[in-house]
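Raw contents of run-v6.cif, mmCIF, C-alpha atoms and all ligand atoms:
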```
data_structure
loop_
_atom_site.label_atom_id
_atom_site.label_comp_id
_atom_site.auth_asym_id
_atom_site.auth_seq_id
_atom_site.Cartn_x
_atom_site.Cartn_y
_atom_site.Cartn_z
CA MET U 1471 -15.92 -7.84 -13.92
CA ALA U 1472 -17.24 -10.73 -11.89
CA GLY U 1473 -17.21 -9.95 -8.22
CA ALA U 1474 -17.65 -6.23 -8.72
CA SER U 1475 -21.36 -6.48 -8.17
CA GLU U 1476 -23.00 -6.22 -4.81
CA ASP U 1477 -24.95 -9.41 -5.32
CA VAL U 1478 -22.40 -12.03 -6.33
CA HIS U 1479 -21.88 -13.29 -2.78
CA PRO U 1480 -24.13 -13.47 0.28
CA GLN U 1481 -22.08 -11.32 2.68
CA LYS U 1482 -22.47 -7.60 2.14
CA ALA U 1483 -19.18 -5.75 2.30
CA PHE U 1484 -18.21 -2.14 2.11
CA GLY U 1485 -14.85 -0.57 1.41
CA TRP U 1486 -12.95 1.94 -0.64
CA ALA U 1487 -11.88 1.16 -4.19
CA ALA U 1488 -10.00 2.75 -7.06
CA ARG U 1489 -12.05 2.75 -10.26
CA ASP U 1490 -9.27 3.53 -12.74
CA SER U 1491 -5.54 4.22 -12.94
CA SER U 1492 -5.96 7.67 -11.41
CA GLY U 1493 -5.80 5.61 -8.25
CA VAL U 1494 -8.34 7.79 -6.47
CA LEU U 1495 -10.14 5.75 -3.83
CA SER U 1496 -13.82 6.19 -3.06
CA PRO U 1497 -16.57 4.27 -1.25
CA PHE U 1498 -17.57 0.96 -2.81
CA ASN U 1499 -20.29 -1.55 -2.00
CA PHE U 1500 -19.48 -5.15 -2.85
CA SER U 1501 -19.85 -8.63 -1.39
CA ARG U 1502 -17.80 -11.44 0.05
CA ARG U 1503 -18.35 -15.18 -0.01
CA ALA U 1504 -20.22 -16.98 2.75
CA THR U 1505 -18.03 -18.32 5.54
CA GLY U 1506 -16.92 -21.70 4.18
CA GLU U 1507 -16.06 -24.75 6.28
CA GLN U 1508 -12.44 -23.70 6.61
CA ASP U 1509 -12.98 -19.97 6.54
CA VAL U 1510 -12.96 -17.30 9.16
CA THR U 1511 -14.89 -14.09 8.70
CA PHE U 1512 -13.60 -11.11 10.58
CA LYS U 1513 -14.33 -7.48 11.20
CA VAL U 1514 -11.38 -5.44 9.95
CA LEU U 1515 -10.06 -3.01 12.58
CA TYR U 1516 -6.85 -1.68 11.05
CA VAL U 1517 -5.12 -1.89 7.71
CA GLY U 1518 -1.64 -0.64 6.86
CA ILE U 1519 -0.93 1.26 3.66
CA CYS U 1520 1.84 -0.58 1.84
CA HIS U 1521 3.72 0.98 -1.05
CA SER U 1522 2.37 -1.91 -3.14
CA ASP U 1523 -1.15 -0.59 -2.58
CA LEU U 1524 -0.17 2.65 -4.28
CA HIS U 1525 1.45 0.85 -7.21
CA TYR U 1526 -1.58 -1.38 -7.54
CA ILE U 1527 -4.34 1.23 -7.57
CA LYS U 1528 -2.42 3.24 -10.18
CA ASN U 1529 -1.78 0.04 -12.14
CA GLU U 1530 1.93 0.83 -12.20
CA TRP U 1531 2.83 -2.84 -12.38
CA GLY U 1532 0.34 -3.40 -15.19
CA SER U 1533 3.02 -3.73 -17.82
CA SER U 1534 5.01 -6.20 -15.76
CA ASP U 1535 3.91 -9.76 -15.15
CA PHE U 1536 3.63 -9.18 -11.42
CA ILE U 1537 0.16 -7.85 -10.84
CA SER U 1538 -2.22 -5.72 -12.83
CA ALA U 1539 -5.18 -3.92 -11.41
CA ASN U 1540 -8.72 -5.25 -11.79
CA TYR U 1541 -10.98 -2.25 -11.27
CA PRO U 1542 -12.75 -1.62 -8.99
CA ALA U 1543 -9.60 -2.30 -6.98
CA VAL U 1544 -9.77 -2.58 -3.19
CA PRO U 1545 -6.19 -2.61 -1.88
CA GLY U 1546 -4.86 -3.51 1.58
CA HIS U 1547 -2.77 -6.49 2.66
CA GLU U 1548 -1.67 -5.56 6.17
CA ILE U 1549 -4.93 -6.41 7.84
CA VAL U 1550 -5.86 -7.05 11.45
CA GLY U 1551 -9.25 -7.57 12.97
CA VAL U 1552 -11.43 -9.68 15.20
CA VAL U 1553 -13.08 -12.95 14.21
CA THR U 1554 -16.88 -12.78 13.93
CA GLU U 1555 -17.67 -16.18 12.42
CA VAL U 1556 -15.82 -19.46 11.89
CA GLY U 1557 -16.57 -22.36 9.56
CA MET U 1558 -17.36 -25.84 10.89
CA LYS U 1559 -13.89 -27.25 10.25
CA VAL U 1560 -11.90 -24.28 11.52
CA GLN U 1561 -9.35 -25.33 14.14
CA LYS U 1562 -7.16 -22.33 14.91
CA PHE U 1563 -9.71 -19.61 15.56
CA LYS U 1564 -12.77 -18.88 17.60
CA VAL U 1565 -15.13 -15.94 17.51
CA GLY U 1566 -13.45 -13.02 19.26
CA TYR U 1567 -9.87 -14.03 18.40
CA LYS U 1568 -7.56 -11.36 17.00
CA VAL U 1569 -6.51 -12.24 13.49
CA GLY U 1570 -4.12 -10.99 10.83
CA VAL U 1571 -3.99 -11.41 7.05
CA GLY U 1572 -1.05 -10.42 4.89
CA CYS U 1573 -0.29 -10.53 1.19
CA MET U 1574 -1.81 -13.88 0.25
CA VAL U 1575 -5.12 -15.66 0.70
CA GLY U 1576 -4.58 -18.91 -1.18
CA SER U 1577 -2.10 -21.37 -2.68
CA CYS U 1578 -2.32 -24.85 -4.21
CA ARG U 1579 -1.37 -26.58 -0.92
CA SER U 1580 0.11 -29.50 -2.88
CA CYS U 1581 3.26 -28.33 -4.70
CA ASP U 1582 6.83 -28.66 -3.36
CA ASN U 1583 6.83 -25.11 -2.08
CA CYS U 1584 3.52 -25.48 -0.29
CA GLY U 1585 4.80 -28.75 1.20
CA LYS U 1586 7.73 -26.80 2.65
CA ASN U 1587 5.51 -24.09 4.14
CA LEU U 1588 6.58 -21.72 1.39
CA GLU U 1589 3.13 -20.84 0.12
CA ASN U 1590 4.57 -17.45 -0.81
CA TYR U 1591 6.54 -19.16 -3.59
CA CYS U 1592 3.69 -21.37 -4.81
CA PRO U 1593 3.13 -20.85 -8.54
CA LYS U 1594 -0.61 -20.68 -7.81
CA MET U 1595 -0.37 -18.33 -4.85
CA LEU U 1596 -3.37 -15.99 -4.65
CA LEU U 1597 -2.82 -12.42 -3.61
CA THR U 1598 -5.07 -10.75 -1.08
CA TYR U 1599 -6.12 -8.29 -3.74
CA GLY U 1600 -5.95 -8.38 -7.52
CA SER U 1601 -6.10 -12.17 -7.88
CA THR U 1602 -8.93 -14.31 -9.21
CA TYR U 1603 -10.19 -16.58 -6.43
CA TYR U 1604 -11.12 -20.24 -6.97
CA ASP U 1605 -14.76 -19.25 -7.46
CA GLY U 1606 -13.83 -16.93 -10.32
CA THR U 1607 -14.34 -13.68 -8.45
CA ASN U 1608 -11.79 -11.00 -7.73
CA THR U 1609 -9.99 -10.87 -4.44
CA TYR U 1610 -10.50 -7.62 -2.57
CA GLY U 1611 -8.13 -6.33 0.06
CA GLY U 1612 -8.48 -4.93 3.53
CA TYR U 1613 -9.63 -1.37 2.91
CA SER U 1614 -13.03 -2.77 3.82
CA ASP U 1615 -15.25 -3.60 6.74
CA ILE U 1616 -15.07 -7.40 6.64
CA MET U 1617 -12.80 -10.12 5.25
CA VAL U 1618 -13.37 -13.81 4.63
CA VAL U 1619 -10.27 -15.98 4.53
CA ASP U 1620 -9.26 -19.62 4.68
CA GLU U 1621 -7.88 -20.05 8.18
CA HIS U 1622 -4.61 -21.36 6.75
CA PHE U 1623 -3.89 -17.85 5.48
CA ALA U 1624 -4.68 -16.09 8.73
CA VAL U 1625 -2.38 -15.69 11.72
CA HIS U 1626 -3.09 -15.25 15.40
CA ILE U 1627 -2.37 -11.86 16.87
CA PRO U 1628 -1.45 -12.33 20.55
CA GLU U 1629 -3.60 -10.35 22.96
CA ASN U 1630 -0.72 -8.19 24.22
CA MET U 1631 -0.01 -6.68 20.80
CA ALA U 1632 -1.26 -3.25 19.75
CA LEU U 1633 -3.41 -4.01 16.72
CA ASP U 1634 -2.72 -0.79 14.83
CA ALA U 1635 1.07 -1.01 15.09
CA THR U 1636 0.98 -4.74 14.35
CA ALA U 1637 -0.85 -4.45 11.02
CA PRO U 1638 2.28 -3.45 9.03
CA LEU U 1639 4.12 -6.55 10.25
CA LEU U 1640 1.89 -8.65 7.98
CA CYS U 1641 3.72 -7.35 4.90
CA ALA U 1642 6.62 -5.05 5.85
CA GLY U 1643 7.57 -7.15 8.88
CA ILE U 1644 7.64 -10.57 7.22
CA THR U 1645 9.32 -9.14 4.11
CA VAL U 1646 12.42 -8.32 6.15
CA TYR U 1647 12.19 -11.03 8.83
CA SER U 1648 12.17 -13.91 6.35
CA PRO U 1649 15.46 -13.02 4.59
CA LEU U 1650 17.21 -12.28 7.90
CA ARG U 1651 16.33 -15.85 8.91
CA TYR U 1652 16.77 -17.66 5.61
CA TYR U 1653 20.11 -16.07 4.75
CA GLY U 1654 21.42 -16.62 8.27
CA LEU U 1655 21.70 -12.94 9.14
CA ASP U 1656 20.11 -13.63 12.48
CA LYS U 1657 22.91 -14.31 14.91
CA PRO U 1658 24.59 -12.18 17.55
CA GLY U 1659 28.02 -11.07 16.40
CA LEU U 1660 26.96 -10.58 12.79
CA HIS U 1661 26.82 -7.13 11.27
CA VAL U 1662 23.85 -6.35 9.05
CA GLY U 1663 23.32 -3.33 6.82
CA VAL U 1664 19.87 -1.94 6.08
CA VAL U 1665 19.55 0.19 2.96
CA GLY U 1666 16.70 2.69 2.93
CA LEU U 1667 14.83 3.83 6.01
CA GLY U 1668 11.19 3.57 5.07
CA GLY U 1669 8.37 1.16 5.87
CA LEU U 1670 10.53 -1.91 5.20
CA GLY U 1671 13.82 -0.45 6.41
CA HIS U 1672 12.64 0.62 9.83
CA MET U 1673 11.22 -2.86 10.40
CA ALA U 1674 14.49 -4.44 9.26
CA VAL U 1675 16.41 -2.39 11.86
CA LYS U 1676 14.06 -3.51 14.63
CA PHE U 1677 14.09 -7.19 13.72
CA ALA U 1678 17.85 -7.31 13.11
CA LYS U 1679 18.50 -5.66 16.48
CA ALA U 1680 16.11 -8.04 18.24
CA LEU U 1681 17.92 -10.97 16.61
CA GLY U 1682 21.10 -9.71 18.22
CA THR U 1683 23.03 -8.41 15.23
CA LYS U 1684 24.90 -5.14 14.92
CA VAL U 1685 23.06 -2.85 12.49
CA THR U 1686 24.25 -0.16 10.12
CA VAL U 1687 21.67 1.94 8.32
CA ILE U 1688 22.71 3.11 4.85
CA SER U 1689 20.75 6.07 3.53
CA THR U 1690 21.06 8.83 0.97
CA SER U 1691 19.95 11.46 3.47
CA ALA U 1692 22.30 12.45 6.29
CA ASN U 1693 19.42 13.93 8.25
CA LYS U 1694 18.08 10.47 9.06
CA LYS U 1695 21.06 9.68 11.27
CA ASP U 1696 19.54 10.70 14.60
CA GLU U 1697 16.35 8.89 13.76
CA ALA U 1698 18.19 5.69 12.81
CA VAL U 1699 20.63 5.63 15.70
CA LYS U 1700 18.88 7.34 18.57
CA ARG U 1701 15.31 6.31 18.03
CA LEU U 1702 15.40 3.03 16.10
CA GLY U 1703 18.51 1.74 17.82
CA ALA U 1704 20.86 1.23 14.87
CA ASP U 1705 24.53 1.06 15.83
CA PHE U 1706 25.97 2.97 12.88
CA PHE U 1707 24.80 5.18 10.05
CA LEU U 1708 26.32 5.59 6.60
CA VAL U 1709 25.48 8.28 4.08
CA SER U 1710 25.62 6.43 0.79
CA ARG U 1711 26.46 9.62 -1.11
CA ASP U 1712 29.56 10.22 1.01
CA PRO U 1713 32.41 8.34 -0.70
CA GLU U 1714 34.73 8.73 2.29
CA GLN U 1715 32.26 7.18 4.73
CA MET U 1716 31.49 4.38 2.29
CA GLN U 1717 35.18 3.74 1.67
CA ALA U 1718 35.88 3.55 5.39
CA ALA U 1719 33.16 0.90 5.78
CA THR U 1720 34.45 -1.35 2.98
CA GLY U 1721 34.28 -5.05 3.87
CA THR U 1722 32.51 -4.63 7.19
CA LEU U 1723 29.07 -6.19 6.67
CA ASP U 1724 28.03 -9.85 6.76
CA GLY U 1725 24.84 -9.07 4.93
CA ILE U 1726 22.65 -6.27 3.66
CA ILE U 1727 18.88 -5.99 3.43
CA ASP U 1728 18.30 -3.63 0.54
CA THR U 1729 14.79 -2.17 0.74
CA VAL U 1730 15.14 0.47 -1.95
CA SER U 1731 12.69 0.19 -4.81
CA ALA U 1732 14.10 3.02 -6.95
CA PRO U 1733 16.96 2.30 -9.36
CA HIS U 1734 20.27 2.49 -7.49
CA PRO U 1735 23.85 1.29 -7.98
CA LEU U 1736 24.71 -2.07 -6.37
CA LEU U 1737 28.50 -1.79 -6.54
CA PRO U 1738 28.85 0.48 -3.48
CA LEU U 1739 26.73 -1.96 -1.47
CA ILE U 1740 28.62 -5.05 -2.64
CA SER U 1741 31.83 -3.26 -1.60
CA LEU U 1742 30.52 -2.97 1.95
CA LEU U 1743 30.24 -6.77 2.23
CA LYS U 1744 32.83 -8.99 3.82
CA THR U 1745 34.03 -12.05 1.91
CA GLU U 1746 30.99 -14.34 1.46
CA GLY U 1747 28.70 -11.48 2.34
CA LYS U 1748 25.11 -11.45 1.08
CA LEU U 1749 23.23 -8.59 -0.52
CA ILE U 1750 19.50 -9.33 -0.28
CA THR U 1751 17.03 -7.26 -2.25
CA VAL U 1752 13.47 -6.95 -1.01
CA GLY U 1753 12.48 -3.66 -2.65
CA ALA U 1754 10.90 -4.15 -6.05
CA PRO U 1755 12.48 -1.83 -8.62
CA ASP U 1756 10.40 -1.82 -11.78
CA LYS U 1757 13.54 -1.77 -13.95
CA PRO U 1758 16.51 -4.14 -13.89
CA LEU U 1759 19.49 -3.09 -11.77
CA GLU U 1760 23.01 -3.33 -13.09
CA LEU U 1761 24.89 -6.18 -11.45
CA PRO U 1762 28.70 -5.89 -11.32
CA VAL U 1763 29.93 -9.49 -11.34
CA PHE U 1764 33.67 -9.08 -10.77
CA PRO U 1765 33.32 -7.91 -7.15
CA LEU U 1766 31.08 -10.91 -6.47
CA ILE U 1767 33.67 -13.33 -7.81
CA MET U 1768 36.47 -11.68 -5.86
CA GLY U 1769 35.00 -12.59 -2.50
CA ARG U 1770 32.43 -15.31 -3.11
CA LYS U 1771 29.67 -12.82 -2.44
CA MET U 1772 26.06 -13.31 -3.41
CA VAL U 1773 23.08 -11.22 -4.41
CA GLY U 1774 19.73 -12.74 -3.47
CA GLY U 1775 16.08 -11.89 -3.24
CA SER U 1776 13.20 -12.66 -0.94
CA GLY U 1777 9.45 -12.14 -1.04
CA ILE U 1778 7.28 -12.02 2.08
CA GLY U 1779 7.25 -15.42 3.87
CA GLY U 1780 5.21 -18.60 4.26
CA MET U 1781 2.33 -18.82 6.70
CA MET U 1782 4.24 -20.77 9.33
CA GLU U 1783 7.06 -18.23 9.25
CA THR U 1784 4.59 -15.34 9.30
CA GLN U 1785 3.13 -16.69 12.53
CA GLU U 1786 6.66 -17.18 13.89
CA MET U 1787 7.46 -13.54 12.99
CA ILE U 1788 4.35 -12.29 14.78
CA ASP U 1789 5.17 -14.35 17.88
CA PHE U 1790 8.77 -13.11 17.78
CA ALA U 1791 7.51 -9.52 17.53
CA ALA U 1792 5.17 -10.08 20.47
CA LYS U 1793 8.01 -11.46 22.56
CA HIS U 1794 10.40 -8.62 21.69
CA ASP U 1795 7.79 -5.88 21.64
CA ILE U 1796 8.42 -5.04 18.00
CA LYS U 1797 5.88 -2.71 16.43
CA ALA U 1798 5.81 -0.60 13.32
CA ASP U 1799 6.09 3.18 13.73
CA ILE U 1800 2.77 4.38 12.45
CA GLU U 1801 0.54 7.34 11.74
CA VAL U 1802 -3.05 6.31 12.27
CA ILE U 1803 -5.46 7.99 9.87
CA PRO U 1804 -9.19 7.99 9.22
CA MET U 1805 -10.53 6.30 6.09
CA ASP U 1806 -11.43 9.55 4.37
CA TYR U 1807 -7.80 10.72 4.61
CA VAL U 1808 -6.60 7.83 2.43
CA ASN U 1809 -6.17 9.78 -0.82
CA THR U 1810 -4.08 12.43 0.93
CA ALA U 1811 -2.10 9.67 2.59
CA MET U 1812 -1.38 8.14 -0.82
CA GLU U 1813 -0.04 11.48 -2.07
CA ARG U 1814 2.14 11.80 1.01
CA LEU U 1815 3.35 8.20 0.67
CA HIS U 1816 4.34 8.94 -2.90
CA LYS U 1817 6.58 11.71 -1.54
CA ALA U 1818 7.88 9.43 1.25
CA ASP U 1819 6.27 11.84 3.71
CA VAL U 1820 5.43 9.35 6.46
CA SER U 1821 7.29 7.88 9.45
CA TYR U 1822 6.99 5.05 8.60
CA ARG U 1823 3.61 3.54 7.88
CA PHE U 1824 0.10 4.90 7.53
CA VAL U 1825 -2.47 2.69 9.19
CA ILE U 1826 -6.15 3.24 8.48
CA ASP U 1827 -8.43 3.04 11.50
CA ILE U 1828 -11.07 1.01 9.71
CA GLY U 1829 -12.96 0.00 12.83
CA ASN U 1830 -13.74 3.54 13.90
CA THR U 1831 -13.75 5.55 10.68
CA LEU U 1832 -15.02 3.43 7.79
CA LYS U 1833 -18.65 4.48 7.46
CA ALA U 1834 -20.98 2.72 5.08
CA THR U 1835 -22.79 4.95 2.61
ZN ZN H 1901 2.95 -4.85 1.04
ZN ZN H 1902 1.59 -24.66 -4.05
#
```
Show how you would write the structure in this file as structure tokens.
Ligand SMILES: [Zn+2]
Ligand SMILES: [Zn+2]
Amino acid sequence: MAGASEDVHPQKAFGWAARDSSGVLSPFNFSRRATGEQDVTFKVLYVGICHSDLHYIKNEWGSSDFISANYPAVPGHEIVGVVTEVGMKVQKFKVGYKVGVGCMVGSCRSCDNCGKNLENYCPKMLLTYGSTYYDGTNTYGGYSDIMVVDEHFAVHIPENMALDATAPLLCAGITVYSPLRYYGLDKPGLHVGVVGLGGLGHMAVKFAKALGTKVTVISTSANKKDEAVKRLGADFFLVSRDPEQMQAATGTLDGIIDTVSAPHPLLPLISLLKTEGKLITVGAPDKPLELPVFPLIMGRKMVGGSGIGGMMETQEMIDFAAKHDIKADIEVIPMDYVNTAMERLHKADVSYRFVIDIGNTLKAT
């Protein structure tokens, strides 16, 4: 595979890669392109472990048209670091600036979506890992010592933000912030439900609260109630397996951010919506969900989707998080713990995001 070799590009890079669908990660020497006129090169300090990373290294989306793994596969798309070199035409960054990169590193910059700052919906959007870059080489993610990125696809991280707890905002944060904004679930007085309390869900609670809405967490496990209400600041908690609780909450929510990626019934969630309520899915179930239409018709309700956000909105989300002191809840791990972390993530045994301390623990071999 082009790009797998150490010698394709001038900048030596080192990271951890999966070599096959076992998904086991191990040290990997490769290279990155020279810093182009509009590129920034940065030293990676922290990278979050997104559930997508796990799917990707095991090639679990290989049969779908979403993304299939190119091995060696270097995952990581919640990346923060410090700029070490800037190209001649770079405007936004200087050496020493804190920088973040999320799920994408390129788009056509000329289609309707790109024109509307919706690079995330560009048909030619390039993912941070697993895409083929314009030069024909694979894109490699942030489980590595350095990154090179077009400045358009990098955001500023304000100095007052903790870099480790900010990394997950680049995917999990924008994934929930964008639909709260776009679907108008961002105003005081509204009541928003958040389904699933994981990496995405805990961010949704924090952003929805900071936007001034009332928040109800909906979860299958009753034992998450204290966590949701006392620690994360949700106003109410519903156990989705308790028909009485669900019944009592019928018609109370203006909108729902559904973060669950496993198959689950939509009818109980649609029932929680007020008239004209919106059920927004941001989890990515690999099989179709059954959509009951009658309850939508009888209340002009809608079911929508949303995927990350454009670059302008990603910067807005970061600035909003800085202003409201929003961080992800993280467990910082060393690089050589990553395979154990993946096993634990698979069992949902993390509150709520692993973040790899690349800067201090990634050692070249
Ligand atoms: Zn992600
Ligand atoms: Zn485009």
Residue nearest Asn1540 of chain U - candidates U:Thr1511, U:Lys1594, U:Thr1602, U:Asn1583, atoms counted: only C-alpha atoms
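Using only C-alpha atoms, the shortest distance to Asn1540 of chain U belongs to U:Thr1602.
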Would you pick out the contacts of Ala1632 of chain U at 12 Å or less, using all atoms listed in the file, so that residues sharing its chain but fewer than 6 positions from it are not included, and give the list as a list of chain:residue names?
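The filter keeps U:Leu1515, U:Tyr1516, U:Val1550, U:Gly1551, U:Lys1568, U:Pro1638, U:Leu1639, U:Ile1788, U:Ala1791, U:Ala1792, U:Asp1795, U:Ile1796, U:Lys1797, U:Ala1798, U:Asp1799, U:Ile1800.
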Just C-alpha atoms for this one: save the residues we selected as a PDB file, in the frame of the given file.
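Saved the output as part-v4.pdb:
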```pdb
ATOM      1  CA  LEU U1515     -10.060  -3.010  12.580  1.00  0.00           C
ATOM      2  CA  TYR U1516      -6.850  -1.680  11.050  1.00  0.00           C
ATOM      3  CA  VAL U1550      -5.860  -7.050  11.450  1.00  0.00           C
ATOM      4  CA  GLY U1551      -9.250  -7.570  12.970  1.00  0.00           C
ATOM      5  CA  LYS U1568      -7.560 -11.360  17.000  1.00  0.00           C
ATOM      6  CA  PRO U1638       2.280  -3.450   9.030  1.00  0.00           C
ATOM      7  CA  LEU U1639       4.120  -6.550  10.250  1.00  0.00           C
ATOM      8  CA  ILE U1788       4.350 -12.290  14.780  1.00  0.00           C
ATOM      9  CA  ALA U1791       7.510  -9.520  17.530  1.00  0.00           C
ATOM     10  CA  ALA U1792       5.170 -10.080  20.470  1.00  0.00           C
ATOM     11  CA  ASP U1795       7.790  -5.880  21.640  1.00  0.00           C
ATOM     12  CA  ILE U1796       8.420  -5.040  18.000  1.00  0.00           C
ATOM     13  CA  LYS U1797       5.880  -2.710  16.430  1.00  0.00           C
ATOM     14  CA  ALA U1798       5.810  -0.600  13.320  1.00  0.00           C
ATOM     15  CA  ASP U1799       6.090   3.180  13.730  1.00  0.00           C
ATOM     16  CA  ILE U1800       2.770   4.380  12.450  1.00  0.00           C
TER      17      ILE U1800
END
```
Near segment 1665-1677 of chain U, counting only C-alpha atoms, which residues have an atom at most 9 Å away, once you skip same-chain residues fewer than 2 positions from it, shown as a PDB file with C-alpha atoms, keeping the file's coordinate frame?
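The resulting file, result12.pdb, is shown below:
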```
ATOM      1  CA  CYS U1520       1.840  -0.580   1.840  1.00  0.00           C
ATOM      2  CA  HIS U1521       3.720   0.980  -1.050  1.00  0.00           C
ATOM      3  CA  PRO U1638       2.280  -3.450   9.030  1.00  0.00           C
ATOM      4  CA  LEU U1639       4.120  -6.550  10.250  1.00  0.00           C
ATOM      5  CA  CYS U1641       3.720  -7.350   4.900  1.00  0.00           C
ATOM      6  CA  ALA U1642       6.620  -5.050   5.850  1.00  0.00           C
ATOM      7  CA  GLY U1643       7.570  -7.150   8.880  1.00  0.00           C
ATOM      8  CA  THR U1645       9.320  -9.140   4.110  1.00  0.00           C
ATOM      9  CA  VAL U1646      12.420  -8.320   6.150  1.00  0.00           C
ATOM     10  CA  TYR U1647      12.190 -11.030   8.830  1.00  0.00           C
ATOM     11  CA  LEU U1650      17.210 -12.280   7.900  1.00  0.00           C
ATOM     12  CA  ASP U1656      20.110 -13.630  12.480  1.00  0.00           C
ATOM     13  CA  VAL U1662      23.850  -6.350   9.050  1.00  0.00           C
ATOM     14  CA  GLY U1663      23.320  -3.330   6.820  1.00  0.00           C
ATOM     15  CA  LYS U1679      18.500  -5.660  16.480  1.00  0.00           C
ATOM     16  CA  ALA U1680      16.110  -8.040  18.240  1.00  0.00           C
ATOM     17  CA  LEU U1681      17.920 -10.970  16.610  1.00  0.00           C
ATOM     18  CA  GLY U1682      21.100  -9.710  18.220  1.00  0.00           C
ATOM     19  CA  VAL U1685      23.060  -2.850  12.490  1.00  0.00           C
ATOM     20  CA  THR U1686      24.250  -0.160  10.120  1.00  0.00           C
ATOM     21  CA  VAL U1687      21.670   1.940   8.320  1.00  0.00           C
ATOM     22  CA  ILE U1688      22.710   3.110   4.850  1.00  0.00           C
ATOM     23  CA  SER U1689      20.750   6.070   3.530  1.00  0.00           C
ATOM     24  CA  THR U1690      21.060   8.830   0.970  1.00  0.00           C
ATOM     25  CA  LYS U1694      18.080  10.470   9.060  1.00  0.00           C
ATOM     26  CA  ALA U1698      18.190   5.690  12.810  1.00  0.00           C
ATOM     27  CA  LEU U1702      15.400   3.030  16.100  1.00  0.00           C
ATOM     28  CA  GLY U1703      18.510   1.740  17.820  1.00  0.00           C
ATOM     29  CA  ALA U1704      20.860   1.230  14.870  1.00  0.00           C
ATOM     30  CA  SER U1710      25.620   6.430   0.790  1.00  0.00           C
ATOM     31  CA  ILE U1726      22.650  -6.270   3.660  1.00  0.00           C
ATOM     32  CA  ILE U1727      18.880  -5.990   3.430  1.00  0.00           C
ATOM     33  CA  ASP U1728      18.300  -3.630   0.540  1.00  0.00           C
ATOM     34  CA  THR U1729      14.790  -2.170   0.740  1.00  0.00           C
ATOM     35  CA  VAL U1730      15.140   0.470  -1.950  1.00  0.00           C
ATOM     36  CA  LEU U1739      26.730  -1.960  -1.470  1.00  0.00           C
ATOM     37  CA  VAL U1752      13.470  -6.950  -1.010  1.00  0.00           C
ATOM     38  CA  GLY U1753      12.480  -3.660  -2.650  1.00  0.00           C
ATOM     39  CA  PHE U1790       8.770 -13.110  17.780  1.00  0.00           C
ATOM     40  CA  ALA U1791       7.510  -9.520  17.530  1.00  0.00           C
ATOM     41  CA  HIS U1794      10.400  -8.620  21.690  1.00  0.00           C
ATOM     42  CA  ILE U1796       8.420  -5.040  18.000  1.00  0.00           C
ATOM     43  CA  LYS U1797       5.880  -2.710  16.430  1.00  0.00           C
ATOM     44  CA  ALA U1798       5.810  -0.600  13.320  1.00  0.00           C
ATOM     45  CA  ASP U1799       6.090   3.180  13.730  1.00  0.00           C
ATOM     46  CA  ALA U1818       7.880   9.430   1.250  1.00  0.00           C
ATOM     47  CA  VAL U1820       5.430   9.350   6.460  1.00  0.00           C
ATOM     48  CA  SER U1821       7.290   7.880   9.450  1.00  0.00           C
ATOM     49  CA  TYR U1822       6.990   5.050   8.600  1.00  0.00           C
ATOM     50  CA  ARG U1823       3.610   3.540   7.880  1.00  0.00           C
TER      51      ARG U1823
END
```
List the spatial neighbours of Gly1659 of chain U as a PyMOL selection string - criterion: any atom at most 9 Å away, all atoms listed in the file, same-chain residues fewer than 2 positions off excluded.
chain U and resi 1657+1661+1682-1684
Can you list, as a list in words, every protein, DNA or RNA residue that comes within 6 Å of Lys1771 of chain U when you count all atoms listed in the file, leaving out same-chain residues fewer than 3 positions away?
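Counting only the stated atoms, we get Glu1746, Gly1747, Lys1748 and Leu1766 of chain U.
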